[in-house]
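entry.tsv (TSV, C-alpha atoms)
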```
chain	number	residue	atom	x	y	z
A	3	MET	CA	24.33	24.01	28.73
A	4	ASP	CA	21.40	26.34	29.48
A	5	ARG	CA	18.92	25.62	32.25
A	6	GLY	CA	16.51	22.99	30.98
A	7	VAL	CA	18.11	22.63	27.55
A	8	SER	CA	21.15	21.19	25.82
A	9	ILE	CA	22.86	23.05	22.97
A	10	LEU	CA	24.32	20.68	20.39
A	11	GLU	CA	26.66	21.70	17.57
A	12	ALA	CA	26.01	19.94	14.26
A	13	THR	CA	28.31	20.34	11.27
A	14	ILE	CA	27.01	19.09	7.93
A	15	ALA	CA	29.31	16.40	6.56
A	16	PRO	CA	30.59	16.49	2.96
A	17	ALA	CA	28.64	13.32	2.19
A	18	ALA	CA	25.43	15.06	3.31
A	19	ASP	CA	25.83	18.03	0.95
A	20	GLY	CA	22.50	18.69	-0.77
A	21	TRP	CA	20.50	16.47	1.56
A	22	ARG	CA	17.33	17.65	3.26
A	23	LEU	CA	18.20	19.51	6.44
A	24	ASP	CA	16.46	17.04	8.76
A	25	ARG	CA	18.30	14.11	7.15
A	26	ALA	CA	21.67	15.89	7.19
A	27	LEU	CA	21.27	16.85	10.85
A	28	ALA	CA	20.30	13.29	11.77
A	29	ASP	CA	23.55	12.21	10.15
A	30	ALA	CA	25.49	14.84	12.11
A	31	VAL	CA	23.74	14.16	15.43
A	32	PRO	CA	23.09	10.40	15.58
A	33	THR	CA	21.62	10.64	19.09
A	34	LEU	CA	18.58	12.44	17.63
A	35	SER	CA	16.23	10.79	15.15
A	36	ARG	CA	15.10	12.48	11.96
A	37	GLU	CA	11.55	12.72	13.29
A	38	ARG	CA	12.74	14.40	16.46
A	39	LEU	CA	14.78	16.86	14.42
A	40	LYS	CA	11.75	17.71	12.30
A	41	VAL	CA	9.91	18.68	15.48
A	42	LEU	CA	12.87	20.75	16.72
A	43	ILE	CA	13.24	22.56	13.37
A	44	ALA	CA	9.52	23.38	13.25
A	45	SER	CA	9.62	24.69	16.84
A	46	GLY	CA	12.49	27.10	16.10
A	47	ALA	CA	15.12	25.14	17.99
A	48	VAL	CA	17.63	24.92	15.12
A	49	ALA	CA	19.71	27.92	13.97
A	50	ARG	CA	22.65	28.74	11.70
A	51	ASP	CA	24.60	31.98	12.27
A	52	GLY	CA	21.80	33.21	14.52
A	53	VAL	CA	19.08	32.63	11.90
A	54	LEU	CA	16.39	30.07	12.67
A	55	ALA	CA	16.02	27.18	10.24
A	56	ARG	CA	12.28	26.52	9.95
A	57	ASP	CA	12.11	24.25	6.90
A	58	PRO	CA	13.19	20.62	7.38
A	59	ALA	CA	13.12	20.13	3.60
A	60	LYS	CA	15.63	22.92	2.92
A	61	ARG	CA	18.85	21.63	1.31
A	62	ALA	CA	21.90	21.54	3.54
A	63	SER	CA	25.41	22.53	2.51
A	64	SER	CA	28.63	20.80	3.48
A	65	GLY	CA	30.43	22.55	6.34
A	66	ASP	CA	27.40	24.49	7.62
A	67	LEU	CA	27.34	24.68	11.42
A	68	PHE	CA	23.97	24.50	13.15
A	69	LEU	CA	23.10	24.92	16.82
A	70	VAL	CA	20.36	22.54	17.95
A	71	THR	CA	18.57	23.40	21.18
A	72	VAL	CA	17.18	20.26	22.78
A	73	PRO	CA	14.75	20.92	25.66
A	74	ASN	CA	14.67	18.77	28.76
A	75	PRO	CA	11.75	16.32	28.34
A	76	THR	CA	9.97	17.61	31.43
A	77	LEU	CA	7.90	20.65	32.25
A	78	PRO	CA	7.71	22.22	35.73
A	79	HIS	CA	4.55	20.20	36.40
A	80	ASN	CA	5.98	17.10	34.67
A	81	GLU	CA	7.77	16.00	37.79
A	82	ALA	CA	8.88	12.46	38.38
A	83	GLN	CA	6.39	10.97	40.83
A	84	ASP	CA	6.60	7.62	42.59
A	85	ILE	CA	3.33	6.21	41.31
A	86	PRO	CA	3.16	2.39	41.28
A	87	LEU	CA	3.22	0.82	37.81
A	88	VAL	CA	2.47	-2.71	36.63
A	89	VAL	CA	5.21	-3.40	34.09
A	90	ALA	CA	4.48	-6.15	31.56
A	91	TYR	CA	7.82	-5.76	29.74
A	92	GLU	CA	10.80	-3.44	29.80
A	93	ASP	CA	14.18	-3.11	28.13
A	94	GLU	CA	16.50	-0.23	27.27
A	95	HIS	CA	14.31	0.83	24.33
A	96	LEU	CA	10.69	0.64	25.50
A	97	ILE	CA	8.32	-0.26	28.31
A	98	VAL	CA	4.89	-1.91	28.25
A	99	ILE	CA	2.56	-0.87	31.06
A	100	ASP	CA	-0.68	-2.45	32.28
A	101	LYS	CA	-2.50	0.80	33.08
A	102	PRO	CA	-5.19	0.84	35.76
A	103	ALA	CA	-8.50	2.58	35.16
A	104	GLY	CA	-8.47	6.13	36.51
A	105	LEU	CA	-4.88	6.93	35.55
A	106	VAL	CA	-4.54	9.78	33.05
A	107	VAL	CA	-1.85	9.17	30.43
A	108	HIS	CA	-0.25	12.61	30.22
A	109	PRO	CA	-0.59	16.02	31.91
A	110	ALA	CA	-3.24	18.37	30.55
A	111	ALA	CA	-5.62	21.00	31.86
A	112	GLY	CA	-7.22	19.64	35.01
A	113	ASN	CA	-4.63	16.89	35.39
A	114	LEU	CA	-1.25	18.56	35.81
A	115	ASP	CA	0.32	15.70	37.71
A	116	GLY	CA	-0.39	12.21	38.98
A	117	THR	CA	-0.32	10.90	35.39
A	118	LEU	CA	1.33	7.96	33.66
A	119	VAL	CA	3.98	10.36	32.32
A	120	ASN	CA	4.85	11.43	35.87
A	121	ALA	CA	5.11	7.78	36.87
A	122	LEU	CA	7.27	6.92	33.85
A	123	LEU	CA	9.64	9.81	34.53
A	124	HIS	CA	10.23	8.36	37.99
A	125	HIS	CA	10.44	4.74	36.90
A	126	CYS	CA	12.66	5.37	33.87
A	127	GLY	CA	14.81	8.03	35.50
A	128	GLY	CA	13.97	10.58	32.80
A	129	SER	CA	15.03	8.20	30.01
A	130	LEU	CA	12.09	8.71	27.65
A	131	SER	CA	11.74	9.57	23.99
A	132	GLY	CA	11.37	13.28	23.24
A	133	ILE	CA	9.52	13.06	19.91
A	134	GLY	CA	6.18	13.66	21.60
A	135	GLY	CA	7.49	16.96	22.97
A	136	VAL	CA	8.06	18.08	26.51
A	137	ALA	CA	4.44	17.51	27.52
A	138	ARG	CA	4.28	13.87	26.41
A	139	PRO	CA	7.71	12.27	26.72
A	140	GLY	CA	7.69	8.64	25.62
A	141	ILE	CA	4.01	8.60	24.68
A	142	VAL	CA	3.37	6.84	21.36
A	143	HIS	CA	-0.36	6.19	21.83
A	144	ARG	CA	-2.99	6.63	24.52
A	145	ILE	CA	-5.91	4.87	26.11
A	146	ASP	CA	-8.69	6.71	27.91
A	147	LYS	CA	-8.35	7.61	31.57
A	148	ASP	CA	-11.11	5.20	32.59
A	149	THR	CA	-10.04	2.40	30.25
A	150	SER	CA	-7.63	-0.13	31.72
A	151	GLY	CA	-5.00	-2.25	30.04
A	152	LEU	CA	-1.85	-2.45	27.96
A	153	MET	CA	0.03	0.38	26.32
A	154	VAL	CA	3.62	0.86	25.19
A	155	ALA	CA	5.90	3.87	25.78
A	156	ALA	CA	9.24	4.61	24.11
A	157	LYS	CA	12.47	5.25	25.96
A	158	THR	CA	14.45	6.31	22.87
A	159	ASP	CA	13.68	8.31	19.76
A	160	ARG	CA	14.57	5.31	17.60
A	161	ALA	CA	12.02	3.15	19.39
A	162	HIS	CA	9.42	5.92	19.25
A	163	GLU	CA	9.88	6.40	15.51
A	164	GLY	CA	9.70	2.66	14.84
A	165	LEU	CA	6.56	2.18	16.93
A	166	ALA	CA	4.90	5.25	15.39
A	167	LYS	CA	5.42	3.77	11.92
A	168	GLN	CA	3.71	0.55	12.99
A	169	PHE	CA	0.76	2.47	14.43
A	170	ALA	CA	0.52	4.51	11.21
A	171	ALA	CA	0.59	1.30	9.15
A	172	HIS	CA	-2.15	-0.23	11.37
A	173	SER	CA	0.09	-3.25	12.00
A	174	ILE	CA	-0.12	-3.11	15.81
A	175	ASP	CA	-2.33	-5.92	17.14
A	176	ARG	CA	-4.70	-4.31	19.66
A	177	ARG	CA	-7.62	-6.22	21.10
A	178	TYR	CA	-10.00	-4.94	23.75
A	179	ARG	CA	-12.46	-6.73	26.00
A	180	ALA	CA	-15.75	-4.86	26.37
A	181	ILE	CA	-19.01	-5.58	28.14
A	182	THR	CA	-21.86	-4.25	26.02
A	183	GLY	CA	-25.46	-3.53	26.77
A	184	GLY	CA	-27.49	-6.13	24.88
A	185	ILE	CA	-26.17	-8.94	22.70
A	186	PRO	CA	-24.83	-7.92	19.27
A	187	LYS	CA	-26.58	-9.41	16.23
A	188	PRO	CA	-24.84	-10.63	14.20
A	189	ALA	CA	-22.51	-12.06	16.82
A	190	GLU	CA	-19.50	-10.73	14.95
A	191	GLY	CA	-18.85	-8.12	12.31
A	192	SER	CA	-17.06	-4.90	11.47
A	193	VAL	CA	-17.88	-1.24	11.89
A	194	ASP	CA	-16.26	0.96	9.24
A	195	ALA	CA	-17.36	4.50	10.04
A	196	PRO	CA	-15.32	7.75	10.02
A	197	LEU	CA	-14.83	9.58	13.31
A	198	ALA	CA	-14.36	13.25	14.15
A	199	ARG	CA	-15.30	15.73	16.86
A	200	SER	CA	-19.06	15.99	17.22
A	201	PRO	CA	-20.36	19.21	15.62
A	202	GLN	CA	-22.86	19.46	18.50
A	203	ASN	CA	-20.46	18.74	21.36
A	204	ARG	CA	-16.73	19.22	20.84
A	205	LYS	CA	-15.97	17.10	23.90
A	206	LYS	CA	-17.44	14.04	22.20
A	207	MET	CA	-16.46	12.02	19.15
A	208	ALA	CA	-19.05	11.06	16.56
A	209	ILE	CA	-19.47	9.36	13.21
A	210	VAL	CA	-19.01	12.26	10.81
A	211	ALA	CA	-18.82	12.20	7.02
A	212	GLY	CA	-15.34	13.38	6.09
A	213	GLY	CA	-13.86	12.31	9.42
A	214	LYS	CA	-10.86	10.00	9.78
A	215	ARG	CA	-11.48	6.44	8.68
A	216	ALA	CA	-12.03	4.14	11.64
A	217	VAL	CA	-12.51	0.37	11.56
A	218	THR	CA	-13.41	-1.90	14.47
A	219	HIS	CA	-13.80	-5.68	14.13
A	220	TYR	CA	-15.88	-7.23	16.91
A	221	ARG	CA	-16.90	-10.73	17.96
A	222	THR	CA	-19.09	-11.88	20.80
A	223	MET	CA	-17.07	-14.02	23.20
A	224	GLU	CA	-19.86	-14.81	25.66
A	225	ARG	CA	-23.56	-14.03	25.95
A	226	LEU	CA	-24.53	-12.56	29.31
A	227	ARG	CA	-27.80	-11.46	30.89
A	228	ASP	CA	-28.97	-8.77	28.43
A	229	ALA	CA	-25.29	-8.03	27.86
A	230	ALA	CA	-22.25	-9.57	26.20
A	231	LEU	CA	-18.52	-9.93	26.59
A	232	VAL	CA	-17.13	-8.73	23.27
A	233	GLU	CA	-13.65	-8.65	21.78
A	234	CYS	CA	-12.93	-5.58	19.68
A	235	ARG	CA	-9.91	-5.64	17.39
A	236	LEU	CA	-8.77	-2.25	16.20
A	237	GLU	CA	-7.73	-1.83	12.60
A	238	THR	CA	-7.33	1.89	13.28
A	239	GLY	CA	-6.90	3.68	16.60
A	240	ARG	CA	-9.05	6.79	16.81
A	241	THR	CA	-10.11	8.59	19.99
A	242	HIS	CA	-13.02	6.76	21.68
A	243	GLN	CA	-13.23	4.42	18.67
A	244	VAL	CA	-14.59	1.30	20.38
A	245	ARG	CA	-17.01	3.32	22.50
A	246	VAL	CA	-18.50	5.23	19.55
A	247	HIS	CA	-18.58	2.29	17.15
A	248	MET	CA	-20.29	-0.10	19.55
A	249	ALA	CA	-22.81	2.58	20.54
A	250	SER	CA	-23.51	3.18	16.84
A	251	ILE	CA	-24.76	-0.40	16.41
A	252	GLY	CA	-26.97	-0.16	19.49
A	253	HIS	CA	-24.62	-1.82	21.96
A	254	ALA	CA	-22.89	0.89	23.99
A	255	LEU	CA	-20.46	-0.21	26.66
A	256	LEU	CA	-21.92	-0.67	30.10
A	257	GLY	CA	-21.04	2.19	32.41
A	258	ASP	CA	-20.03	4.55	29.58
A	259	PRO	CA	-20.97	8.01	30.92
A	260	VAL	CA	-20.67	9.68	27.51
A	261	TYR	CA	-21.96	7.31	24.84
A	262	GLY	CA	-24.12	4.89	26.81
A	263	ARG	CA	-27.61	4.84	28.31
A	264	THR	CA	-27.63	2.06	30.86
A	265	LYS	CA	-30.97	0.30	31.42
A	266	GLY	CA	-32.63	0.39	34.82
A	267	THR	CA	-31.73	-3.09	36.09
A	268	GLN	CA	-28.15	-2.78	34.84
A	269	LYS	CA	-27.89	0.73	36.25
A	270	GLY	CA	-28.82	-0.64	39.66
A	271	LEU	CA	-26.17	-3.34	39.37
A	272	LEU	CA	-23.48	-0.82	38.40
A	273	GLU	CA	-24.42	1.33	41.39
A	274	THR	CA	-24.35	-1.66	43.73
A	275	LEU	CA	-20.91	-2.67	42.47
A	276	GLY	CA	-19.64	0.91	42.46
A	277	PHE	CA	-18.69	0.47	38.79
A	278	ARG	CA	-18.31	4.01	37.45
A	279	ARG	CA	-16.49	3.71	34.14
A	280	GLN	CA	-16.90	2.27	30.66
A	281	ALA	CA	-16.44	-1.51	30.74
A	282	LEU	CA	-13.42	-1.53	28.44
A	283	HIS	CA	-10.03	-3.18	28.87
A	284	ALA	CA	-7.02	-3.24	26.51
A	285	ALA	CA	-6.37	-6.98	26.86
A	286	HIS	CA	-3.87	-7.74	24.07
A	287	LEU	CA	-1.00	-5.79	22.54
A	288	GLY	CA	1.28	-7.15	19.85
A	289	PHE	CA	3.98	-5.47	17.77
A	290	ILE	CA	7.43	-5.90	16.27
A	291	HIS	CA	10.19	-4.60	18.52
A	292	PRO	CA	11.34	-1.44	16.70
A	293	VAL	CA	15.03	-2.06	17.45
A	294	LYS	CA	15.42	-5.81	17.97
A	295	SER	CA	12.97	-6.75	15.16
A	296	VAL	CA	11.38	-9.57	17.15
A	297	ALA	CA	7.65	-10.12	17.58
A	298	LEU	CA	6.28	-9.28	21.03
A	299	ALA	CA	2.79	-9.99	22.33
A	300	PHE	CA	1.26	-9.36	25.75
A	301	GLU	CA	-1.98	-10.36	27.46
A	302	SER	CA	-3.69	-8.70	30.39
A	303	PRO	CA	-6.61	-10.32	32.26
A	304	MET	CA	-9.69	-8.25	32.99
A	305	PRO	CA	-9.19	-6.23	36.18
A	306	ALA	CA	-11.15	-7.09	39.29
A	307	ASP	CA	-13.94	-4.53	38.77
A	308	MET	CA	-14.73	-5.75	35.24
A	309	GLN	CA	-14.40	-9.37	36.29
A	310	GLU	CA	-16.91	-8.80	39.08
A	311	LEU	CA	-19.35	-7.13	36.66
A	312	PHE	CA	-18.90	-10.03	34.23
A	313	SER	CA	-19.58	-12.56	36.98
A	314	GLN	CA	-22.74	-10.78	38.11
A	315	LEU	CA	-24.07	-10.72	34.54
A	316	HIS	CA	-23.16	-14.32	33.79
A	317	VAL	CA	-26.20	-16.34	32.71
```

Represent the supplied structure as structure tokens.
Amino acid sequence: MDRGVSILEATIAPAADGWRLDRALADAVPTLSRERLKVLIASGAVARDGVLARDPAKRASSGDLFLVTVPNPTLPHNEAQDIPLVVAYEDEHLIVIDKPAGLVVHPAAGNLDGTLVNALLHHCGGSLSGIGGVARPGIVHRIDKDTSGLMVAAKTDRAHEGLAKQFAAHSIDRRYRAITGGIPKPAEGSVDAPLARSPQNRKKMAIVAGGKRAVTHYRTMERLRDAALVECRLETGRTHQVRVHMASIGHALLGDPVYGRTKGTQKGLLETLGFRRQALHAAHLGFIHPVKSVALAFESPMPADMQELFSQLHV
């Protein structure tokens, strides 16, 4: 055991002779998933006779002994911190959190601590999936710092891998509540427009030909005073997808500092209420438990700040 890492010995079994290296190692080290081993191989953490194995597709030979270096899933700044969490569901495989607005999901430049990852490390006692790497233990997907609502994190590699497959297959049921400027016409519809980094501003996302396909299905739940409460169901899950798509049809989210231009009367209301974020809440999350194979679904009511804004705009 080295400081911050575990060194595992993995001997390729006779039955795994000729298999891909990642598959053969997963057979030899059942505590690590194949996806996790792919990451470790690519990062130079797997060696045989002192030579790094860099290709997960390389064929393995029976009897070969590999050393697998597994890093601790925390960085020096990824300390466990006692940050209160609202837990919607938890078992030994995963945890569903109702994230408040203002909480960053994982450490990055400018936010080295005080994040959801720091809170999860404390709450879960370090028991988080390592597939996301040392910077993002347990993180399968994200929601923006100033968006509130439900998200799931994985405690084990098996759960992480299973959830990631559902996200990739677009089978996760994600529905957001948004308060838009103006009332969408038609009242419901779909936006199918590819997203990528804006060529003019790399900090923003934009509809760009050749970007990743992004699909948002929306429906107006309630008409408000020159605004609307809208449900947005994600078919895909791209960065800032709801915010960019709704802005693209002329109905940016109220309070959005990046993609919205709030009208004068509404701007005054936001200032009076002290509402300083995009009016977006991840209200519903549904998926198949990746280990127990049962359907799970969770609902989260709009937080107090969005509820107050909704009430003030109610016709």

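Residue nearest A:Thr182 within the list A:Val106, A:Leu275, A:Val70, A:Val246: A:Val246 [criterion: smallest interatomic distance, all atoms listed in the file].
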
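By all atoms listed in the file, and with residues fewer than 5 positions from A:Ser63 along its chain excluded, the set lying at most 12 Å from it is Thr13, Ile14, Ala15, Pro16, Ala17, Ala18, Asp19, Gly20, Trp21, Arg22, Leu23, Arg25, Ala26, Leu27, Arg50 and Phe68 of chain A.
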
Q: Kindly indicate which residue among A:Gly183, A:Gly191, A:Gly288, A:Gly132 lies nearest to A:Lys269, using all atoms listed in the file for the distances.
A: A:Gly183

Q.
Quick check, in Å to one decimal: how far apart do atom CA of A:Pro139 and atom CA of A:Ala284 lie?
A. 21.4 Å

Q: Go through A:Arg176, A:His242, A:Arg221, A:His95 one by one, measure the shortest atom-to-atom distance of each to A:Lys147 using only C-alpha atoms, and give the residue with the smallest value.
A: A:His242

Q.
What's the separation between atom CA of A:Tyr91 and atom CA of A:Met223, in Å to one decimal place?
A. 27.0 Å

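The smallest atom-to-atom distance between A:Ile9 and any of A:Leu152, A:Val48, A:Ala230, A:Ala55, using only C-alpha atoms, is found for A:Val48.
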
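Going from atom CA of A:Ser8 to atom CA of A:Asn80 covers 18.0 Å.
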
Q: Would you list the residues near (2.6, -6.0, 22.4) (no more than 7 Å away, in the coordinates of the file, using only C-alpha atoms) as a list in words?
A: His286, Leu287, Gly288, Phe289, Leu298, Ala299 and Phe300 of chain A

Q.
Between A:Arg227, A:His172, A:Lys205, A:Arg138, which residue has the minimum interatomic distance to A:Leu315, considering only C-alpha atoms?
A. A:Arg227
